[in-house]
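Dropping final.cif in here (mmCIF, N, CA and C atoms):
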```cif
data_upload
#
loop_
_atom_site.label_atom_id
_atom_site.label_comp_id
_atom_site.auth_asym_id
_atom_site.auth_seq_id
_atom_site.Cartn_x
_atom_site.Cartn_y
_atom_site.Cartn_z
N THR A 1 0.83 -1.18 0.00
CA THR A 1 0.00 0.00 0.00
C THR A 1 0.87 1.25 0.00
N LYS A 2 0.31 2.30 -0.52
CA LYS A 2 1.03 3.56 -0.67
C LYS A 2 0.84 4.41 0.59
N GLU A 3 1.91 5.05 1.01
CA GLU A 3 1.87 5.95 2.17
C GLU A 3 1.08 7.21 1.81
N PRO A 4 0.14 7.65 2.68
CA PRO A 4 -0.63 8.86 2.34
C PRO A 4 0.25 10.11 2.34
N SER A 5 -0.14 11.09 1.54
CA SER A 5 0.62 12.33 1.46
C SER A 5 0.44 13.14 2.75
N ALA A 6 1.21 14.20 2.89
CA ALA A 6 1.13 15.04 4.08
C ALA A 6 -0.25 15.68 4.21
N ARG A 7 -0.81 16.07 3.09
CA ARG A 7 -2.14 16.67 3.11
C ARG A 7 -3.19 15.65 3.58
N ALA A 8 -3.09 14.43 3.08
CA ALA A 8 -4.02 13.37 3.49
C ALA A 8 -3.85 13.03 4.97
N LYS A 9 -2.61 13.05 5.46
CA LYS A 9 -2.36 12.79 6.88
C LYS A 9 -3.01 13.86 7.76
N ARG A 10 -2.90 15.13 7.34
CA ARG A 10 -3.52 16.23 8.10
C ARG A 10 -5.03 16.08 8.13
N TYR A 11 -5.61 15.69 6.98
CA TYR A 11 -7.05 15.50 6.91
C TYR A 11 -7.50 14.35 7.82
N LEU A 12 -6.78 13.23 7.77
CA LEU A 12 -7.13 12.10 8.62
C LEU A 12 -7.01 12.44 10.09
N LYS A 13 -5.98 13.21 10.44
CA LYS A 13 -5.81 13.62 11.83
C LYS A 13 -6.94 14.53 12.29
N SER A 14 -7.42 15.41 11.40
CA SER A 14 -8.51 16.31 11.78
C SER A 14 -9.83 15.56 11.94
N GLN A 15 -9.98 14.40 11.29
CA GLN A 15 -11.22 13.63 11.37
C GLN A 15 -11.25 12.64 12.52
N GLU A 16 -10.12 12.45 13.21
CA GLU A 16 -10.08 11.51 14.34
C GLU A 16 -10.90 12.05 15.51
N SER A 17 -11.30 11.15 16.41
CA SER A 17 -12.03 11.58 17.61
C SER A 17 -11.08 12.32 18.54
N LYS A 18 -11.64 13.25 19.31
CA LYS A 18 -10.84 14.11 20.18
C LYS A 18 -11.34 14.01 21.60
N VAL A 19 -10.49 14.35 22.56
CA VAL A 19 -10.90 14.37 23.96
C VAL A 19 -11.86 15.54 24.18
N ASN A 20 -11.49 16.72 23.71
CA ASN A 20 -12.35 17.90 23.78
C ASN A 20 -12.79 18.24 22.35
N GLU A 21 -14.07 18.03 22.09
CA GLU A 21 -14.60 18.26 20.74
C GLU A 21 -14.69 19.75 20.44
N ASN A 22 -14.67 20.08 19.17
CA ASN A 22 -14.87 21.46 18.73
C ASN A 22 -16.34 21.85 18.96
N PRO A 23 -16.64 23.15 19.04
CA PRO A 23 -18.04 23.55 19.19
C PRO A 23 -18.84 23.19 17.94
N LYS A 24 -20.13 22.93 18.12
CA LYS A 24 -20.99 22.56 17.00
C LYS A 24 -21.28 23.80 16.16
N ASN A 25 -21.02 23.71 14.90
CA ASN A 25 -21.30 24.81 13.98
C ASN A 25 -22.72 24.68 13.45
N ALA A 26 -23.33 25.81 13.16
CA ALA A 26 -24.70 25.84 12.64
C ALA A 26 -24.71 26.44 11.25
N LEU A 27 -25.55 25.89 10.40
CA LEU A 27 -25.72 26.36 9.03
C LEU A 27 -27.09 27.03 8.92
N PHE A 28 -27.10 28.30 8.53
CA PHE A 28 -28.34 29.06 8.37
C PHE A 28 -28.59 29.25 6.88
N LEU A 29 -29.77 28.83 6.40
CA LEU A 29 -30.05 28.96 4.98
C LEU A 29 -31.51 29.29 4.75
N LYS A 30 -31.76 29.90 3.60
CA LYS A 30 -33.12 30.26 3.20
C LYS A 30 -33.63 29.23 2.22
N GLY A 31 -34.92 28.94 2.32
CA GLY A 31 -35.55 28.01 1.40
C GLY A 31 -35.82 28.64 0.06
N ASN A 32 -36.68 27.99 -0.73
CA ASN A 32 -37.01 28.48 -2.07
C ASN A 32 -37.63 29.87 -2.01
N LYS A 33 -38.56 30.07 -1.08
CA LYS A 33 -39.14 31.38 -0.82
C LYS A 33 -39.06 31.63 0.68
N THR A 34 -38.77 32.87 1.05
CA THR A 34 -38.64 33.22 2.46
C THR A 34 -39.33 34.55 2.69
N SER A 35 -40.18 34.59 3.71
CA SER A 35 -40.87 35.84 4.03
C SER A 35 -39.95 36.77 4.81
N GLU A 36 -40.36 38.01 4.94
CA GLU A 36 -39.57 39.00 5.67
C GLU A 36 -39.47 38.64 7.15
N VAL A 37 -40.54 38.07 7.71
CA VAL A 37 -40.54 37.65 9.11
C VAL A 37 -39.49 36.56 9.35
N CYS A 38 -39.47 35.55 8.48
CA CYS A 38 -38.50 34.45 8.61
C CYS A 38 -37.08 34.94 8.39
N ALA A 39 -36.89 35.83 7.43
CA ALA A 39 -35.55 36.35 7.16
C ALA A 39 -35.02 37.14 8.35
N GLY A 40 -35.88 37.93 8.99
CA GLY A 40 -35.47 38.69 10.17
C GLY A 40 -35.12 37.78 11.33
N LEU A 41 -35.93 36.74 11.54
CA LEU A 41 -35.65 35.78 12.62
C LEU A 41 -34.36 35.02 12.35
N LEU A 42 -34.14 34.64 11.11
CA LEU A 42 -32.92 33.94 10.74
C LEU A 42 -31.69 34.82 10.98
N LYS A 43 -31.82 36.09 10.67
CA LYS A 43 -30.72 37.04 10.88
C LYS A 43 -30.41 37.19 12.37
N ASP A 44 -31.47 37.25 13.22
CA ASP A 44 -31.27 37.38 14.66
C ASP A 44 -30.64 36.12 15.27
N LEU A 45 -31.11 34.95 14.84
CA LEU A 45 -30.52 33.71 15.33
C LEU A 45 -29.06 33.58 14.90
N ASN A 46 -28.78 34.03 13.69
CA ASN A 46 -27.41 34.03 13.17
C ASN A 46 -26.52 34.93 14.02
N GLY A 47 -27.04 36.08 14.42
CA GLY A 47 -26.27 37.00 15.25
C GLY A 47 -26.00 36.46 16.65
N MET A 48 -26.91 35.65 17.17
CA MET A 48 -26.71 35.08 18.52
C MET A 48 -25.62 34.02 18.54
N ARG A 49 -25.48 33.26 17.47
CA ARG A 49 -24.48 32.20 17.40
C ARG A 49 -23.26 32.64 16.60
N LYS A 50 -22.92 33.89 16.64
CA LYS A 50 -21.99 34.52 15.70
C LYS A 50 -20.70 33.75 15.39
N PRO A 51 -19.87 33.36 16.32
CA PRO A 51 -18.59 32.78 15.87
C PRO A 51 -18.71 31.36 15.31
N CYS A 52 -19.75 30.63 15.67
CA CYS A 52 -19.85 29.21 15.29
C CYS A 52 -20.98 28.97 14.30
N ASN A 53 -21.01 29.73 13.22
CA ASN A 53 -22.07 29.53 12.26
C ASN A 53 -21.63 29.87 10.84
N LYS A 54 -22.49 29.54 9.91
CA LYS A 54 -22.27 29.85 8.50
C LYS A 54 -23.62 30.22 7.92
N MET A 55 -23.72 31.41 7.35
CA MET A 55 -24.98 31.89 6.76
C MET A 55 -24.86 31.84 5.25
N LEU A 56 -25.75 31.11 4.60
CA LEU A 56 -25.78 31.06 3.15
C LEU A 56 -26.74 32.13 2.65
N SER A 57 -26.29 32.95 1.71
CA SER A 57 -27.09 34.10 1.29
C SER A 57 -28.08 33.77 0.17
N ARG A 58 -27.79 32.78 -0.64
CA ARG A 58 -28.67 32.45 -1.77
C ARG A 58 -29.86 31.62 -1.31
N ARG A 59 -30.91 31.69 -2.09
CA ARG A 59 -32.08 30.84 -1.83
C ARG A 59 -31.79 29.43 -2.35
N ASN A 60 -32.23 28.44 -1.60
CA ASN A 60 -31.94 27.05 -1.95
C ASN A 60 -33.24 26.27 -2.14
N PRO A 61 -33.45 25.65 -3.30
CA PRO A 61 -34.67 24.86 -3.50
C PRO A 61 -34.55 23.50 -2.80
N ILE A 62 -34.60 23.52 -1.47
CA ILE A 62 -34.41 22.32 -0.66
C ILE A 62 -35.72 22.01 0.06
N TYR A 63 -36.13 20.75 0.02
CA TYR A 63 -37.30 20.27 0.75
C TYR A 63 -36.84 19.09 1.60
N PRO A 64 -36.37 19.34 2.83
CA PRO A 64 -35.72 18.30 3.63
C PRO A 64 -36.61 17.10 3.98
N PHE A 65 -37.92 17.30 4.09
CA PHE A 65 -38.78 16.17 4.42
C PHE A 65 -38.99 15.24 3.23
N ASP A 66 -38.80 15.74 2.02
CA ASP A 66 -38.92 14.90 0.82
C ASP A 66 -37.59 14.25 0.46
N ASP A 67 -36.52 15.06 0.43
CA ASP A 67 -35.21 14.55 0.05
C ASP A 67 -34.15 15.22 0.91
N GLU A 68 -33.54 14.45 1.81
CA GLU A 68 -32.59 15.03 2.76
C GLU A 68 -31.16 15.05 2.26
N THR A 69 -30.88 14.51 1.08
CA THR A 69 -29.50 14.42 0.61
C THR A 69 -28.87 15.81 0.39
N SER A 70 -29.63 16.78 -0.09
CA SER A 70 -29.06 18.09 -0.37
C SER A 70 -28.67 18.81 0.93
N ILE A 71 -29.49 18.70 1.97
CA ILE A 71 -29.16 19.35 3.24
C ILE A 71 -27.99 18.64 3.90
N GLU A 72 -27.91 17.31 3.77
CA GLU A 72 -26.78 16.56 4.31
C GLU A 72 -25.49 16.97 3.61
N PHE A 73 -25.56 17.15 2.28
CA PHE A 73 -24.38 17.57 1.52
C PHE A 73 -23.91 18.95 1.97
N LEU A 74 -24.85 19.91 2.11
CA LEU A 74 -24.47 21.26 2.52
C LEU A 74 -23.88 21.28 3.93
N CYS A 75 -24.45 20.49 4.83
CA CYS A 75 -23.92 20.44 6.20
C CYS A 75 -22.52 19.84 6.22
N GLN A 76 -22.32 18.79 5.46
CA GLN A 76 -21.00 18.15 5.43
C GLN A 76 -19.97 19.05 4.74
N LYS A 77 -20.36 19.73 3.68
CA LYS A 77 -19.45 20.61 2.94
C LYS A 77 -19.00 21.78 3.80
N ASN A 78 -19.92 22.34 4.62
CA ASN A 78 -19.61 23.49 5.46
C ASN A 78 -19.20 23.10 6.87
N ASP A 79 -19.06 21.80 7.15
CA ASP A 79 -18.65 21.28 8.46
C ASP A 79 -19.57 21.79 9.57
N CYS A 80 -20.87 21.61 9.37
CA CYS A 80 -21.87 22.05 10.35
C CYS A 80 -22.72 20.85 10.77
N SER A 81 -22.93 20.72 12.06
CA SER A 81 -23.76 19.62 12.54
C SER A 81 -25.18 20.07 12.88
N LEU A 82 -25.43 21.37 12.91
CA LEU A 82 -26.76 21.91 13.14
C LEU A 82 -27.17 22.72 11.92
N PHE A 83 -28.47 22.77 11.64
CA PHE A 83 -28.93 23.61 10.54
C PHE A 83 -30.25 24.26 10.90
N VAL A 84 -30.46 25.46 10.35
CA VAL A 84 -31.69 26.21 10.52
C VAL A 84 -32.08 26.69 9.12
N MET A 85 -33.32 26.36 8.73
CA MET A 85 -33.78 26.73 7.40
C MET A 85 -35.11 27.47 7.51
N ALA A 86 -35.21 28.60 6.85
CA ALA A 86 -36.44 29.39 6.84
C ALA A 86 -37.11 29.24 5.48
N SER A 87 -38.45 29.07 5.51
CA SER A 87 -39.18 28.95 4.25
C SER A 87 -40.58 29.53 4.42
N HIS A 88 -41.24 29.76 3.29
CA HIS A 88 -42.58 30.32 3.29
C HIS A 88 -43.35 29.76 2.10
N THR A 89 -44.43 29.05 2.38
CA THR A 89 -45.30 28.54 1.33
C THR A 89 -46.75 28.88 1.68
N LYS A 90 -47.65 28.64 0.75
CA LYS A 90 -49.05 28.95 0.99
C LYS A 90 -49.62 28.05 2.09
N LYS A 91 -49.27 26.76 2.06
CA LYS A 91 -49.77 25.82 3.07
C LYS A 91 -49.08 25.99 4.42
N ARG A 92 -47.81 26.33 4.40
CA ARG A 92 -47.05 26.50 5.64
C ARG A 92 -46.36 27.86 5.63
N PRO A 93 -47.08 28.92 6.00
CA PRO A 93 -46.46 30.25 5.99
C PRO A 93 -45.51 30.43 7.17
N ASN A 94 -44.46 31.21 6.96
CA ASN A 94 -43.49 31.57 8.01
C ASN A 94 -43.02 30.33 8.77
N ASN A 95 -42.28 29.50 8.10
CA ASN A 95 -41.86 28.22 8.63
C ASN A 95 -40.36 28.25 8.96
N LEU A 96 -40.00 27.70 10.11
CA LEU A 96 -38.60 27.60 10.52
C LEU A 96 -38.31 26.13 10.80
N LEU A 97 -37.26 25.61 10.21
CA LEU A 97 -36.90 24.21 10.35
C LEU A 97 -35.55 24.12 11.06
N LEU A 98 -35.52 23.45 12.21
CA LEU A 98 -34.30 23.25 12.98
C LEU A 98 -33.92 21.78 12.87
N GLY A 99 -32.64 21.49 12.75
CA GLY A 99 -32.24 20.09 12.63
C GLY A 99 -30.82 19.83 13.09
N ARG A 100 -30.57 18.54 13.37
CA ARG A 100 -29.23 18.09 13.76
C ARG A 100 -28.78 16.99 12.81
N THR A 101 -27.49 16.93 12.59
CA THR A 101 -26.93 15.84 11.79
C THR A 101 -25.87 15.13 12.62
N PHE A 102 -25.68 13.86 12.31
CA PHE A 102 -24.63 13.09 12.96
C PHE A 102 -24.05 12.15 11.92
N ASP A 103 -22.74 12.15 11.81
CA ASP A 103 -22.03 11.28 10.88
C ASP A 103 -22.51 11.48 9.44
N GLY A 104 -22.83 12.75 9.09
CA GLY A 104 -23.22 13.07 7.73
C GLY A 104 -24.67 12.78 7.39
N HIS A 105 -25.47 12.33 8.35
CA HIS A 105 -26.88 12.03 8.11
C HIS A 105 -27.76 12.81 9.08
N ILE A 106 -28.98 13.12 8.64
CA ILE A 106 -29.90 13.88 9.49
C ILE A 106 -30.35 13.00 10.64
N LEU A 107 -30.19 13.53 11.85
CA LEU A 107 -30.59 12.81 13.05
C LEU A 107 -32.05 13.12 13.38
N ASP A 108 -32.39 14.41 13.48
CA ASP A 108 -33.78 14.80 13.70
C ASP A 108 -34.01 16.22 13.21
N MET A 109 -35.31 16.51 12.95
CA MET A 109 -35.71 17.83 12.47
C MET A 109 -36.95 18.28 13.24
N LEU A 110 -37.06 19.57 13.43
CA LEU A 110 -38.20 20.18 14.12
C LEU A 110 -38.70 21.33 13.28
N GLU A 111 -39.99 21.31 12.97
CA GLU A 111 -40.59 22.33 12.14
C GLU A 111 -41.45 23.25 13.00
N LEU A 112 -41.18 24.55 12.94
CA LEU A 112 -41.89 25.52 13.76
C LEU A 112 -42.58 26.54 12.86
N GLY A 113 -43.82 26.87 13.21
CA GLY A 113 -44.55 27.92 12.51
C GLY A 113 -44.45 29.21 13.32
N ILE A 114 -44.17 30.32 12.66
CA ILE A 114 -43.98 31.59 13.35
C ILE A 114 -45.23 32.44 13.13
N ASN A 115 -45.89 32.81 14.23
CA ASN A 115 -47.07 33.66 14.14
C ASN A 115 -46.71 35.13 14.22
N ASP A 116 -45.86 35.47 15.18
CA ASP A 116 -45.50 36.87 15.39
C ASP A 116 -44.04 36.92 15.81
N CYS A 117 -43.30 37.83 15.26
CA CYS A 117 -41.87 37.92 15.56
C CYS A 117 -41.47 39.39 15.66
N VAL A 118 -40.78 39.74 16.74
CA VAL A 118 -40.23 41.07 16.90
C VAL A 118 -38.71 40.93 16.85
N THR A 119 -38.10 41.45 15.81
CA THR A 119 -36.66 41.31 15.64
C THR A 119 -35.92 42.33 16.49
N ILE A 120 -34.62 42.16 16.60
CA ILE A 120 -33.78 43.07 17.37
C ILE A 120 -33.80 44.46 16.74
N ASP A 121 -33.79 44.52 15.41
CA ASP A 121 -33.83 45.82 14.72
C ASP A 121 -35.13 46.57 15.03
N ASP A 122 -36.24 45.83 15.14
CA ASP A 122 -37.52 46.47 15.48
C ASP A 122 -37.49 47.04 16.89
N LYS A 123 -36.85 46.31 17.81
CA LYS A 123 -36.76 46.78 19.20
C LYS A 123 -35.90 48.05 19.29
N ILE A 124 -34.81 48.07 18.55
CA ILE A 124 -33.91 49.23 18.58
C ILE A 124 -34.60 50.44 17.97
N ALA A 125 -35.39 50.24 16.91
CA ALA A 125 -36.07 51.34 16.23
C ALA A 125 -37.16 51.97 17.09
N SER A 126 -37.79 51.17 17.96
CA SER A 126 -38.89 51.72 18.77
C SER A 126 -38.46 52.27 20.10
#
```
Output the file's structure in the form of structure tokens.
Amino acid sequence: TKEPSARAKRYLKSQESKVNENPKNALFLKGNKTSEVCAGLLKDLNGMRKPCNKMLSRRNPIYPFDDETSIEFLCQKNDCSLFVMASHTKKRPNNLLLGRTFDGHILDMLELGINDCVTIDDKIAS
């Protein structure tokens, strides 16, 4: 067998189990359509978890309950074990989806409907 390169050794070392794990990173993303309420809430949640997160700015045509492979790919690509997705449809208006992944697969998801939201910017303005 061939000896792995220095780059491969560094990658393998970073993937090994550790005594003290790194903090869990969160991925914040917008669905196909996102209302202003959901976008404001997503922005506030992103600000609360500031150093340990990744915010994707583009809209993503992802439907995690139908096909979870795209969300698993994005979480693995961005090295995030938590995800928050905001979406807005006619049947489910102002929807927030929270989820966890483990070993590259979705562990669980929680879907929340938002009735009323006061963002930090609204509080500062008033």
Determine the residue set returned by the PyMOL selection byres ((chain A and resi 63-76) around 8) for the present structure, and present it as a list of chain:residue names.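 Answer for the PyMOL selection byres ((chain A and resi 63-76) around 8): A:Ala26, A:Leu27, A:Gly31, A:Asn32, A:Asn60, A:Pro61, A:Ile62, A:Lys77, A:Asn78, A:Asp79, A:Cys80, A:Ser81, A:Leu82, A:Phe83, A:Thr101, A:Asp103, A:Gly104, A:His105, A:Ile106.
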Write out as a PyMOL selection string each polymer residue whose atoms come within 6.5 Å of Gly113 of chain A, counting only N, CA and C atoms; drop sequence neighbours fewer than 3 positions from it. chain A and resi 93-96
Just the strand (DSSP E) stuff from chain A, please, per backbone DSSP, written as an NGL selection string. :A and (26-30 or 53-59 or 82-87 or 95-102 or 105-113)
Interatomic distance (Å, one decimal) between atom CA of Lys123 of chain A and atom N of Cys38 of chain A: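 About the pair atom CA of Lys123 of chain A and atom N of Cys38 of chain A: they are 15.8 Å apart.
Nearest-residue note for Leu41 of chain A: choosing from A:Leu56, A:Leu112, A:Ile120, A:Leu12, the minimum distance belongs to A:Ile120, counting all atoms listed in the file.
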Given the block above, output segment 48-73 of chain A with C-alpha atoms as a PDB file, in the first residue's frame.
```
ATOM      1  CA  MET A  48     -26.715  35.078  18.516  1.00  0.00           C
ATOM      2  CA  ARG A  49     -24.481  32.200  17.402  1.00  0.00           C
ATOM      3  CA  LYS A  50     -21.992  34.518  15.701  1.00  0.00           C
ATOM      4  CA  PRO A  51     -18.594  32.779  15.869  1.00  0.00           C
ATOM      5  CA  CYS A  52     -19.854  29.213  15.293  1.00  0.00           C
ATOM      6  CA  ASN A  53     -22.073  29.529  12.256  1.00  0.00           C
ATOM      7  CA  LYS A  54     -22.270  29.850   8.498  1.00  0.00           C
ATOM      8  CA  MET A  55     -24.978  31.891   6.760  1.00  0.00           C
ATOM      9  CA  LEU A  56     -25.778  31.061   3.146  1.00  0.00           C
ATOM     10  CA  SER A  57     -27.090  34.099   1.289  1.00  0.00           C
ATOM     11  CA  ARG A  58     -28.674  32.454  -1.765  1.00  0.00           C
ATOM     12  CA  ARG A  59     -32.084  30.840  -1.834  1.00  0.00           C
ATOM     13  CA  ASN A  60     -31.942  27.054  -1.950  1.00  0.00           C
ATOM     14  CA  PRO A  61     -34.667  24.857  -3.496  1.00  0.00           C
ATOM     15  CA  ILE A  62     -34.414  22.318  -0.660  1.00  0.00           C
ATOM     16  CA  TYR A  63     -37.295  20.272   0.749  1.00  0.00           C
ATOM     17  CA  PRO A  64     -35.715  18.296   3.630  1.00  0.00           C
ATOM     18  CA  PHE A  65     -38.780  16.168   4.421  1.00  0.00           C
ATOM     19  CA  ASP A  66     -38.920  14.905   0.821  1.00  0.00           C
ATOM     20  CA  ASP A  67     -35.205  14.549   0.047  1.00  0.00           C
ATOM     21  CA  GLU A  68     -32.594  15.028   2.760  1.00  0.00           C
ATOM     22  CA  THR A  69     -29.498  14.424   0.612  1.00  0.00           C
ATOM     23  CA  SER A  70     -29.056  18.094  -0.366  1.00  0.00           C
ATOM     24  CA  ILE A  71     -29.159  19.350   3.241  1.00  0.00           C
ATOM     25  CA  GLU A  72     -26.778  16.563   4.314  1.00  0.00           C
ATOM     26  CA  PHE A  73     -24.383  17.575   1.525  1.00  0.00           C
TER      27      PHE A  73
END
```
